[in-house]
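Visitor: upload.cif is reproduced in full below (mmCIF, C-alpha atoms).
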```
data_final
#
loop_
_atom_site.group_PDB
_atom_site.id
_atom_site.type_symbol
_atom_site.label_atom_id
_atom_site.label_comp_id
_atom_site.auth_asym_id
_atom_site.auth_seq_id
_atom_site.Cartn_x
_atom_site.Cartn_y
_atom_site.Cartn_z
ATOM 1 C CA MET A 51 23.186 -55.857 49.078
ATOM 2 C CA LYS A 52 23.331 -58.570 51.773
ATOM 3 C CA LYS A 53 26.127 -60.301 49.850
ATOM 4 C CA ILE A 54 28.131 -57.073 49.767
ATOM 5 C CA ILE A 55 27.733 -56.564 53.541
ATOM 6 C CA LEU A 56 28.622 -60.198 54.243
ATOM 7 C CA PHE A 57 31.694 -59.937 51.999
ATOM 8 C CA THR A 58 32.786 -56.726 53.768
ATOM 9 C CA VAL A 59 32.414 -58.334 57.211
ATOM 10 C CA ILE A 60 34.452 -61.347 56.095
ATOM 11 C CA ILE A 61 37.204 -59.116 54.675
ATOM 12 C CA ILE A 62 37.445 -57.248 57.997
ATOM 13 C CA PHE A 63 36.900 -60.161 60.389
ATOM 14 C CA ILE A 64 39.180 -62.834 58.900
ATOM 15 C CA PRO A 65 42.435 -60.830 59.267
ATOM 16 C CA PHE A 66 41.407 -59.999 62.837
ATOM 17 C CA VAL A 67 40.906 -63.712 63.630
ATOM 18 C CA ILE A 68 44.216 -64.650 62.027
ATOM 19 C CA VAL A 69 46.136 -61.955 63.890
ATOM 20 C CA SER A 70 44.432 -62.844 67.184
ATOM 21 C CA PHE A 71 45.132 -66.544 66.734
ATOM 22 C CA PHE A 72 48.816 -66.095 66.031
ATOM 23 C CA LYS A 73 49.374 -63.183 68.401
ATOM 24 C CA ILE A 74 52.244 -63.795 70.849
ATOM 25 C CA ASP A 75 52.023 -61.982 74.141
ATOM 26 C CA LYS A 76 55.022 -59.728 74.527
ATOM 27 C CA LYS A 77 56.349 -59.681 78.060
ATOM 28 C CA GLU A 78 56.892 -56.289 79.587
ATOM 29 C CA GLU A 79 59.844 -55.208 81.666
ATOM 30 C CA ILE A 80 59.236 -54.606 85.358
ATOM 31 C CA ASN A 81 59.980 -51.074 86.501
ATOM 32 C CA LEU A 82 62.362 -50.392 89.360
ATOM 33 C CA ASN A 83 61.076 -48.731 92.498
ATOM 34 C CA TYR A 84 62.981 -45.455 92.561
ATOM 35 C CA GLU A 85 62.317 -44.580 96.198
ATOM 36 C CA SER A 86 65.575 -42.675 96.477
ATOM 37 C CA ASN A 87 67.393 -40.128 94.338
ATOM 38 C CA THR A 88 70.774 -41.511 95.454
ATOM 39 C CA ILE A 89 73.298 -41.551 92.610
ATOM 40 C CA ILE A 90 76.446 -43.661 92.425
ATOM 41 C CA ARG A 91 79.473 -42.666 90.330
ATOM 42 C CA VAL A 92 80.767 -45.702 88.430
ATOM 43 C CA LYS A 93 84.077 -45.625 86.576
ATOM 44 C CA ARG A 94 83.958 -47.819 83.476
ATOM 45 C CA LEU A 95 87.419 -49.307 83.160
ATOM 46 C CA SER A 96 87.102 -50.043 79.432
ATOM 47 C CA SER A 97 86.564 -46.369 78.546
ATOM 48 C CA GLY A 98 87.738 -44.505 81.632
ATOM 49 C CA GLU A 99 84.437 -42.630 81.690
ATOM 50 C CA ILE A 100 82.504 -42.008 84.897
ATOM 51 C CA GLU A 101 78.777 -42.730 84.741
ATOM 52 C CA TYR A 102 76.256 -41.307 87.180
ATOM 53 C CA LEU A 103 73.718 -44.054 87.783
ATOM 54 C CA PRO A 104 70.521 -44.305 89.853
ATOM 55 C CA PHE A 105 71.517 -46.402 92.845
ATOM 56 C CA GLU A 106 68.979 -49.215 92.421
ATOM 57 C CA GLU A 107 69.751 -49.500 88.701
ATOM 58 C CA TYR A 108 73.392 -50.031 89.639
ATOM 59 C CA ILE A 109 72.415 -52.815 92.066
ATOM 60 C CA VAL A 110 70.567 -54.648 89.263
ATOM 61 C CA GLY A 111 73.716 -54.480 87.124
ATOM 62 C CA VAL A 112 75.794 -55.794 90.014
ATOM 63 C CA LEU A 113 73.439 -58.735 90.524
ATOM 64 C CA ALA A 114 73.853 -59.570 86.835
ATOM 65 C CA GLY A 115 77.628 -59.406 87.134
ATOM 66 C CA GLU A 116 78.155 -61.049 90.502
ATOM 67 C CA MET A 117 75.660 -63.917 90.779
ATOM 68 C CA PRO A 118 74.462 -66.555 88.278
ATOM 69 C CA ILE A 119 71.020 -65.701 86.882
ATOM 70 C CA TYR A 120 69.719 -69.212 87.619
ATOM 71 C CA PHE A 121 70.185 -68.758 91.382
ATOM 72 C CA GLU A 122 67.159 -68.827 93.672
ATOM 73 C CA LYS A 123 65.353 -65.556 94.300
ATOM 74 C CA GLU A 124 66.182 -65.509 98.024
ATOM 75 C CA ALA A 125 69.887 -65.836 97.211
ATOM 76 C CA LEU A 126 69.599 -62.968 94.726
ATOM 77 C CA LYS A 127 67.816 -60.861 97.334
ATOM 78 C CA ALA A 128 70.575 -61.554 99.870
ATOM 79 C CA GLN A 129 73.151 -60.539 97.247
ATOM 80 C CA ALA A 130 71.201 -57.354 96.501
ATOM 81 C CA VAL A 131 71.299 -56.280 100.158
ATOM 82 C CA ALA A 132 74.992 -57.148 100.480
ATOM 83 C CA ALA A 133 75.835 -55.338 97.213
ATOM 84 C CA ARG A 134 73.859 -52.296 98.314
ATOM 85 C CA SER A 135 75.693 -52.236 101.648
ATOM 86 C CA TYR A 136 79.081 -52.509 99.946
ATOM 87 C CA ALA A 137 78.201 -49.713 97.508
ATOM 88 C CA LEU A 138 76.956 -47.396 100.271
ATOM 89 C CA LYS A 139 80.205 -47.914 102.148
ATOM 90 C CA LYS A 140 82.179 -47.053 99.005
ATOM 91 C CA ILE A 141 80.114 -43.882 98.499
ATOM 92 C CA GLU A 142 80.951 -42.938 102.066
ATOM 93 C CA TYR A 143 84.671 -43.692 101.631
ATOM 94 C CA ASN A 144 84.978 -41.878 98.302
ATOM 95 C CA LYS A 145 82.826 -38.782 98.850
ATOM 96 C CA ASP A 146 85.807 -36.513 98.172
ATOM 97 C CA ASN A 147 87.098 -38.537 95.218
ATOM 98 C CA GLU A 148 86.224 -38.479 91.539
ATOM 99 C CA TYR A 149 84.225 -41.712 91.563
ATOM 100 C CA ASP A 150 82.737 -44.178 94.051
ATOM 101 C CA VAL A 151 83.363 -47.586 92.458
ATOM 102 C CA VAL A 152 84.824 -49.216 89.373
ATOM 103 C CA ASP A 153 82.835 -51.726 87.350
ATOM 104 C CA SER A 154 85.159 -54.707 87.851
ATOM 105 C CA VAL A 155 86.162 -57.281 90.458
ATOM 106 C CA LEU A 156 88.255 -54.549 92.080
ATOM 107 C CA ASN A 157 84.920 -53.506 93.591
ATOM 108 C CA GLN A 158 81.771 -55.166 92.218
ATOM 109 C CA VAL A 159 81.240 -56.326 88.644
ATOM 110 C CA TYR A 160 78.599 -54.102 87.021
ATOM 111 C CA LEU A 161 76.973 -54.983 83.678
ATOM 112 C CA ASP A 162 74.778 -52.433 81.899
ATOM 113 C CA ASN A 163 71.597 -53.074 79.929
ATOM 114 C CA TYR A 164 73.293 -52.751 76.552
ATOM 115 C CA TYR A 165 75.622 -55.611 77.440
ATOM 116 C CA LEU A 166 72.856 -57.720 78.998
ATOM 117 C CA LYS A 167 70.508 -57.375 76.010
ATOM 118 C CA GLU A 168 73.290 -58.613 73.764
ATOM 119 C CA ALA A 169 74.325 -61.422 76.123
ATOM 120 C CA TRP A 170 70.845 -62.674 77.011
ATOM 121 C CA GLY A 171 69.088 -62.204 73.676
ATOM 122 C CA ASN A 172 65.463 -63.354 73.854
ATOM 123 C CA LYS A 173 65.890 -64.235 77.533
ATOM 124 C CA TYR A 174 66.620 -60.617 78.431
ATOM 125 C CA VAL A 175 63.145 -59.658 79.675
ATOM 126 C CA ASP A 176 62.735 -62.775 81.836
ATOM 127 C CA ASN A 177 66.212 -62.390 83.303
ATOM 128 C CA ILE A 178 66.109 -58.642 83.920
ATOM 129 C CA ASN A 179 62.681 -58.975 85.527
ATOM 130 C CA LYS A 180 64.001 -61.636 87.890
ATOM 131 C CA LEU A 181 66.801 -59.316 89.005
ATOM 132 C CA ARG A 182 64.547 -56.259 89.269
ATOM 133 C CA GLU A 183 62.113 -58.224 91.417
ATOM 134 C CA ALA A 184 64.954 -59.140 93.786
ATOM 135 C CA VAL A 185 66.007 -55.490 93.964
ATOM 136 C CA ASN A 186 62.444 -54.185 94.371
ATOM 137 C CA ASP A 187 61.661 -56.756 97.076
ATOM 138 C CA THR A 188 64.629 -55.461 99.095
ATOM 139 C CA SER A 189 64.304 -51.844 98.003
ATOM 140 C CA LEU A 190 66.955 -49.641 99.671
ATOM 141 C CA GLU A 191 67.722 -52.267 102.331
ATOM 142 C CA TYR A 192 71.266 -52.499 103.656
ATOM 143 C CA LEU A 193 73.111 -54.205 106.506
ATOM 144 C CA ASP A 194 73.779 -52.277 109.691
ATOM 145 C CA TYR A 195 76.088 -53.000 112.614
ATOM 146 C CA ASN A 196 75.893 -50.712 115.634
ATOM 147 C CA GLY A 197 74.445 -47.843 113.633
ATOM 148 C CA GLU A 198 76.844 -48.056 110.673
ATOM 149 C CA VAL A 199 76.601 -49.508 107.192
ATOM 150 C CA ILE A 200 78.772 -52.606 107.062
ATOM 151 C CA ASP A 201 81.542 -53.307 104.567
ATOM 152 C CA ALA A 202 79.820 -56.346 103.076
ATOM 153 C CA SER A 203 82.320 -58.501 101.216
ATOM 154 C CA THR A 204 81.015 -61.578 99.404
ATOM 155 C CA SER A 205 83.087 -64.736 98.475
ATOM 156 C CA ASN A 206 85.521 -74.348 101.380
ATOM 157 C CA GLY A 207 82.939 -74.978 103.791
ATOM 158 C CA TYR A 208 83.778 -72.011 106.055
ATOM 159 C CA THR A 209 84.068 -68.266 105.603
ATOM 160 C CA GLU A 210 87.181 -66.503 106.854
ATOM 161 C CA ASN A 211 87.772 -63.854 109.514
ATOM 162 C CA SER A 212 88.343 -60.434 107.950
ATOM 163 C CA SER A 213 91.451 -59.861 110.070
ATOM 164 C CA LEU A 214 93.259 -62.754 108.349
ATOM 165 C CA VAL A 215 92.567 -61.471 104.839
ATOM 166 C CA PHE A 216 92.263 -57.686 105.002
ATOM 167 C CA ASN A 217 94.253 -56.968 108.190
ATOM 168 C CA ILE A 218 91.201 -55.396 109.773
ATOM 169 C CA ASP A 219 89.058 -56.971 112.458
ATOM 170 C CA LEU A 220 85.369 -56.507 111.677
ATOM 171 C CA PRO A 221 83.100 -58.268 114.190
ATOM 172 C CA TYR A 222 80.405 -59.008 111.594
ATOM 173 C CA LEU A 223 82.903 -60.707 109.235
ATOM 174 C CA GLN A 224 83.829 -63.722 111.310
ATOM 175 C CA SER A 225 84.333 -67.329 110.311
ATOM 176 C CA VAL A 226 81.072 -69.271 109.999
ATOM 177 C CA THR A 227 80.214 -72.651 108.520
ATOM 178 C CA SER A 228 79.158 -72.715 104.874
ATOM 179 C CA MET A 229 78.435 -76.394 104.357
ATOM 180 C CA TRP A 230 76.266 -75.755 101.301
ATOM 181 C CA ASP A 231 79.172 -74.663 99.080
ATOM 182 C CA SER A 232 80.439 -78.087 98.037
ATOM 183 C CA SER A 233 77.037 -79.212 96.750
ATOM 184 C CA THR A 234 76.091 -76.013 94.893
ATOM 185 C CA SER A 235 79.378 -74.738 93.453
ATOM 186 C CA SER A 236 80.877 -76.373 90.367
ATOM 187 C CA ALA A 237 84.046 -74.447 91.231
ATOM 188 C CA PHE A 238 84.341 -75.816 94.766
ATOM 189 C CA ARG A 239 87.239 -78.014 93.666
ATOM 190 C CA SER A 240 89.160 -77.010 90.581
ATOM 191 C CA THR A 241 92.549 -77.372 88.901
ATOM 192 C CA LYS A 242 94.582 -74.740 87.114
ATOM 193 C CA LYS A 243 97.654 -75.452 84.985
ATOM 194 C CA ILE A 244 100.248 -72.790 84.236
ATOM 195 C CA SER A 245 103.635 -72.960 82.521
ATOM 196 C CA SER A 246 106.559 -72.885 84.905
ATOM 197 C CA SER A 247 107.917 -69.816 83.068
ATOM 198 C CA ASP A 248 104.714 -67.861 83.695
ATOM 199 C CA PHE A 249 104.481 -69.171 87.249
ATOM 200 C CA TYR A 250 107.949 -68.076 88.341
ATOM 201 C CA SER A 251 107.744 -64.827 86.375
ATOM 202 C CA SER A 252 104.434 -63.894 88.032
ATOM 203 C CA LEU A 253 106.013 -64.402 91.443
ATOM 204 C CA GLY A 254 109.237 -62.595 90.574
ATOM 205 C CA LEU A 255 111.294 -65.753 91.031
ATOM 206 C CA GLU A 256 114.029 -67.352 88.972
ATOM 207 C CA LYS A 257 112.751 -70.271 86.926
ATOM 208 C CA SER A 258 113.575 -73.653 88.411
ATOM 209 C CA ASN A 259 113.169 -77.277 87.421
ATOM 210 C CA ILE A 260 112.339 -78.127 91.028
ATOM 211 C CA LEU A 261 109.410 -76.674 92.985
ATOM 212 C CA ASN A 262 109.925 -76.606 96.728
ATOM 213 C CA PHE A 263 106.532 -75.602 98.118
ATOM 214 C CA LYS A 264 105.940 -75.428 101.866
ATOM 215 C CA VAL A 265 102.886 -74.261 103.794
ATOM 216 C CA LEU A 266 104.092 -72.289 106.808
ATOM 217 C CA LYS A 267 100.765 -71.365 108.358
ATOM 218 C CA ARG A 268 97.100 -72.091 107.729
ATOM 219 C CA SER A 269 94.001 -70.480 109.199
ATOM 220 C CA THR A 270 91.493 -72.537 111.156
ATOM 221 C CA THR A 271 89.440 -72.770 107.930
ATOM 222 C CA ASN A 272 92.383 -74.394 106.098
ATOM 223 C CA ARG A 273 93.247 -71.371 103.957
ATOM 224 C CA ILE A 274 96.946 -70.703 103.514
ATOM 225 C CA LEU A 275 98.193 -67.660 105.382
ATOM 226 C CA ASN A 276 101.930 -68.012 104.737
ATOM 227 C CA LEU A 277 104.003 -70.242 102.487
ATOM 228 C CA SER A 278 107.422 -70.494 100.894
ATOM 229 C CA ILE A 279 108.374 -71.300 97.322
ATOM 230 C CA ASN A 280 112.005 -72.222 96.779
ATOM 231 C CA SER A 281 112.904 -70.507 100.079
ATOM 232 C CA THR A 282 111.046 -67.239 99.261
ATOM 233 C CA GLU A 283 108.124 -66.472 101.566
ATOM 234 C CA PHE A 284 104.708 -65.261 100.398
ATOM 235 C CA THR A 285 101.268 -64.828 101.874
ATOM 236 C CA GLY A 286 98.454 -66.954 100.537
ATOM 237 C CA ARG A 287 96.721 -63.754 99.432
ATOM 238 C CA GLU A 288 99.763 -62.792 97.329
ATOM 239 C CA LEU A 289 99.551 -66.012 95.317
ATOM 240 C CA TYR A 290 95.760 -65.640 95.096
ATOM 241 C CA ASP A 291 96.246 -62.211 93.477
ATOM 242 C CA LYS A 292 99.396 -62.824 91.404
ATOM 243 C CA LEU A 293 98.282 -66.161 89.929
ATOM 244 C CA GLY A 294 94.546 -65.453 89.693
ATOM 245 C CA LEU A 295 93.612 -68.381 91.943
ATOM 246 C CA LYS A 296 90.057 -69.233 92.913
ATOM 247 C CA SER A 297 90.858 -69.393 96.621
ATOM 248 C CA THR A 298 93.682 -69.381 99.151
ATOM 249 C CA ASP A 299 93.066 -73.029 100.008
ATOM 250 C CA PHE A 300 95.370 -74.547 97.396
ATOM 251 C CA SER A 301 98.201 -76.990 96.713
ATOM 252 C CA LEU A 302 101.030 -76.784 94.164
ATOM 253 C CA LYS A 303 103.052 -79.367 92.293
ATOM 254 C CA GLN A 304 105.363 -79.280 89.288
ATOM 255 C CA ASP A 305 105.053 -81.711 86.398
ATOM 256 C CA GLY A 306 107.832 -81.095 83.904
ATOM 257 C CA ASP A 307 107.350 -77.586 82.564
ATOM 258 C CA THR A 308 103.877 -77.228 84.088
ATOM 259 C CA ILE A 309 102.738 -76.079 87.536
ATOM 260 C CA ILE A 310 99.487 -77.711 88.659
ATOM 261 C CA ILE A 311 97.399 -75.801 91.196
ATOM 262 C CA ASP A 312 94.476 -77.511 92.925
ATOM 263 C CA THR A 313 92.082 -75.211 94.801
ATOM 264 C CA VAL A 314 89.188 -75.715 97.180
ATOM 265 C CA GLY A 315 86.483 -73.076 97.395
ATOM 266 C CA TYR A 316 86.016 -69.824 95.545
ATOM 267 C CA GLY A 317 86.932 -66.244 96.480
ATOM 268 C CA HIS A 318 88.845 -64.682 99.351
ATOM 269 C CA GLY A 319 86.459 -66.300 101.808
ATOM 270 C CA VAL A 320 85.367 -63.182 103.680
ATOM 271 C CA GLY A 321 81.668 -62.438 104.041
ATOM 272 C CA MET A 322 78.771 -64.185 102.358
ATOM 273 C CA SER A 323 79.467 -67.245 100.256
ATOM 274 C CA GLN A 324 77.322 -66.841 97.149
ATOM 275 C CA TYR A 325 77.058 -70.585 96.599
ATOM 276 C CA GLY A 326 76.327 -71.002 100.280
ATOM 277 C CA ALA A 327 73.523 -68.467 99.868
ATOM 278 C CA GLU A 328 72.163 -70.510 96.973
ATOM 279 C CA GLY A 329 72.333 -73.687 99.034
ATOM 280 C CA MET A 330 70.460 -72.049 101.910
ATOM 281 C CA ALA A 331 67.832 -70.688 99.511
ATOM 282 C CA LEU A 332 67.316 -74.157 98.043
ATOM 283 C CA GLU A 333 66.688 -75.439 101.565
ATOM 284 C CA GLY A 334 63.983 -72.817 102.102
ATOM 285 C CA TYR A 335 65.877 -70.164 104.035
ATOM 286 C CA SER A 336 64.889 -66.540 103.410
ATOM 287 C CA TYR A 337 67.305 -63.830 102.350
ATOM 288 C CA LYS A 338 67.156 -62.462 105.890
ATOM 289 C CA ASP A 339 68.187 -65.872 107.263
ATOM 290 C CA ILE A 340 71.073 -65.995 104.798
ATOM 291 C CA LEU A 341 72.342 -62.537 105.679
ATOM 292 C CA SER A 342 72.117 -63.079 109.436
ATOM 293 C CA HIS A 343 74.104 -66.317 109.064
ATOM 294 C CA TYR A 344 76.989 -64.823 107.103
ATOM 295 C CA TYR A 345 77.072 -61.342 108.665
ATOM 296 C CA VAL A 346 77.048 -62.044 112.377
ATOM 297 C CA GLY A 347 75.190 -59.583 114.594
ATOM 298 C CA THR A 348 73.953 -57.316 111.778
ATOM 299 C CA SER A 349 70.435 -56.026 111.181
ATOM 300 C CA ILE A 350 68.663 -54.903 108.028
ATOM 301 C CA LYS A 351 67.886 -51.199 107.780
ATOM 302 C CA LYS A 352 66.371 -49.123 104.984
ATOM 303 C CA LEU A 353 68.079 -46.157 103.379
ATOM 304 C CA LEU A 354 66.279 -42.900 104.041
ATOM 305 C CA ASN A 355 66.633 -40.161 101.483
#
```
Rewrite the structure of this file - the entire thing - as structure tokens.
Guide:
Amino acid sequence: MKKIILFTVIIIFIPFVIVSFFKIDKKEEINLNYESNTIIRVKRLSSGEIEYLPFEEYIVGVLAGEMPIYFEKEALKAQAVAARSYALKKIEYNKDNEYDVVDSVLNQVYLDNYYLKEAWGNKYVDNINKLREAVNDTSLEYLDYNGEVIDASTSNGYTENSSLVFNIDLPYLQSVTSMWDSSTSSAFRSTKKISSSDFYSSLGLEKSNILNFKVLKRSTTNRILNLSINSTEFTGRELYDKLGLKSTDFSLKQDGDTIIIDTVGYGHGVGMSQYGAEGMALEGYSYKDILSHYYVGTSIKKLLN
């Protein structure tokens, strides 16, 4: 009888030991703090459909689309507040329209969970938790200037005045130093090559074997405001948009049938530099320090439902 009992215990116990020994703890996803029932209407450009998303869930998707996942948490938190501010302003602007934002660089890049699970694979839980922590830690916080939500844009060492890029003078979007960019951004200096046919076609110019490029006016931060190409005048922003450049601080030269474009910096230069935010975070600055540096005179407020 004792042998039967012992055999039964062994049969039950051994599988338990084996399973326990080889058991791998499965990480759980962090839940978002849904402190608000605010909904944002996002137009998905690939399908044309309009999705109604919980606001904080949208901010997580924007963090995934707008800032590298390896960035420091304080930089991600600063981005979350800036993204939330931008989105709130768009909701305000578009209250009578069909949708609030699109999911591309035309507004803010938004990536949904289906895409992120596919892209991140077995790193999905770790990555999504990192972003959700940044969003939860700044839950419903936005940037305020004189009682209004600010239009928080995010973008060579200096940020640019909004009046020089968007033809609107916003006191909180003024030029400030961003000395961290060159050490944290792999895209701080880059080169783009384009065929002369595509170059002239994109600018609506007749193809030429000679490129006559002149800078007519630069801003104090060295970004090109006005230029001429073969006697036709453009703004720096026009070339930035038409040629898909990384910044408006650029130079052009022609080598045979190729146009070589060297750029310094990344983005239109208005608002917070994301790589500058990363550099500040690496030096120990908090997300509040980062935001106050790039958005002059603003304060952090919390959305009330």
Visitor: Using the chain letters and residue numbers of this document, give as number ranges by chain the residues selected by the PyMOL selection byres ((chain A and resi 158-173) around 12).
Guide: A: 76-77, 79, 90-95, 101, 103, 105, 107-117, 119-120, 129-130, 132-137, 140, 150-157, 174-181, 202-205
Visitor: Can you tell me which residues surround A:Ile311 at a distance of at most 12 Å, considering all atoms listed in the file, apart from same-chain residues fewer than 3 positions away, and format the answer as a list of chain:residue names?
Guide: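 Counting only the stated atoms, we get A:Arg239, A:Ser240, A:Thr241, A:Lys242, A:Lys243, A:Ile244, A:Ser245, A:Ser246, A:Phe249, A:Phe263, A:Leu289, A:Tyr290, A:Leu293, A:Gly294, A:Leu295, A:Lys296, A:Ser297, A:Thr298, A:Asp299, A:Phe300, A:Ser301, A:Leu302, A:Lys303, A:Gln304, A:Asp305, A:Thr308, A:Val314.
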Visitor: Enter the distance from atom CA of A:Leu190 to atom CA of A:Lys127, in Å, rounded to one decimal.
Guide: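 Atom CA of A:Lys127 lies 11.5 Å from atom CA of A:Leu190.
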Visitor: I'd like the interatomic distance between atom CA of A:Asp194 and atom CA of A:His343, to a tenth of an Å.
Guide: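 Computing it gives 14.1 Å between the two atoms.
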Visitor: Between atom CA of A:Pro104 and atom CA of A:Ser336, what is the spacing in Å?
Guide: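 These atoms are spaced 26.6 Å apart.
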Visitor: Counting all atoms listed in the file, which residue out of A:Ile340, A:Ile309, A:Ala128, A:Leu353 sits closest to A:Tyr250?
Guide: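 Checking each candidate against A:Tyr250, we get A:Ile309 as the closest.
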Visitor: Closest to A:Tyr84 among A:Val185, A:Ile141, A:Ile100, A:Met322, using all atoms listed in the file?
Guide: A:Val185
Visitor: Pull out every residue that the PyMOL selection byres ((chain A and resi 276) around 9) matches in the shown coordinates and put them as an MDAnalysis selection string.
Guide: chainID A and resid 264:268 274:275 277:278 283:287
Visitor: List the neighbours of A:Ala327 out to 9 Å using all atoms listed in the file; skip same-chain residues closer than 3 positions along the sequence, and give me the result as a PDB file with C-alpha atoms, in the frame of the given file.
Guide:
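around-v2.pdb, written as the output of this step:
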```
ATOM      1  CA  GLU A 122      67.159 -68.827  93.672  1.00  0.00           C
ATOM      2  CA  GLU A 124      66.182 -65.509  98.024  1.00  0.00           C
ATOM      3  CA  ALA A 125      69.887 -65.836  97.211  1.00  0.00           C
ATOM      4  CA  LEU A 126      69.599 -62.968  94.726  1.00  0.00           C
ATOM      5  CA  ALA A 128      70.575 -61.554  99.870  1.00  0.00           C
ATOM      6  CA  GLN A 129      73.151 -60.539  97.247  1.00  0.00           C
ATOM      7  CA  SER A 228      79.158 -72.715 104.874  1.00  0.00           C
ATOM      8  CA  TRP A 230      76.266 -75.755 101.301  1.00  0.00           C
ATOM      9  CA  ASP A 231      79.172 -74.663  99.080  1.00  0.00           C
ATOM     10  CA  MET A 322      78.771 -64.185 102.358  1.00  0.00           C
ATOM     11  CA  SER A 323      79.467 -67.245 100.256  1.00  0.00           C
ATOM     12  CA  GLN A 324      77.322 -66.841  97.149  1.00  0.00           C
ATOM     13  CA  MET A 330      70.460 -72.049 101.910  1.00  0.00           C
ATOM     14  CA  ALA A 331      67.832 -70.688  99.511  1.00  0.00           C
ATOM     15  CA  LEU A 332      67.316 -74.157  98.043  1.00  0.00           C
ATOM     16  CA  TYR A 335      65.877 -70.164 104.035  1.00  0.00           C
ATOM     17  CA  TYR A 337      67.305 -63.830 102.350  1.00  0.00           C
ATOM     18  CA  ILE A 340      71.073 -65.995 104.798  1.00  0.00           C
ATOM     19  CA  LEU A 341      72.342 -62.537 105.679  1.00  0.00           C
ATOM     20  CA  TYR A 344      76.989 -64.823 107.103  1.00  0.00           C
TER      21      TYR A 344
END
```
Visitor: Which residue out of A:Ile279, A:Asp291, A:Asn83, A:Tyr195 has the minimum interatomic distance to A:Val346 when only C-alpha atoms are used?
Guide: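 So, comparing all the options, the nearest one is A:Tyr195.
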Visitor: Please write out, as JSON, where the centre of an axis-aligned box around all listed atoms of stretch 247-264 of chain A lies and how long its edges are, in Å to one decimal, after adding 8 Å on each side.
Guide:
```
{"center_x": 109.2, "center_y": -70.4, "center_z": 92.5, "size_x": 25.6, "size_y": 31.5, "size_z": 34.8}
```
Visitor: Just checking: using all atoms listed in the file, which residue out of A:Leu138, A:Leu354, A:Tyr102, A:Gly306 ends up closest to A:Ser86?
Guide: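 Closest to A:Ser86, using all atoms listed in the file: A:Leu354.
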Visitor: Residue by residue, what does the PyMOL selection byres ((chain A and resi 349) around 6) grab here? Present the result as number ranges by chain.
Guide: A: 193-194, 348, 350
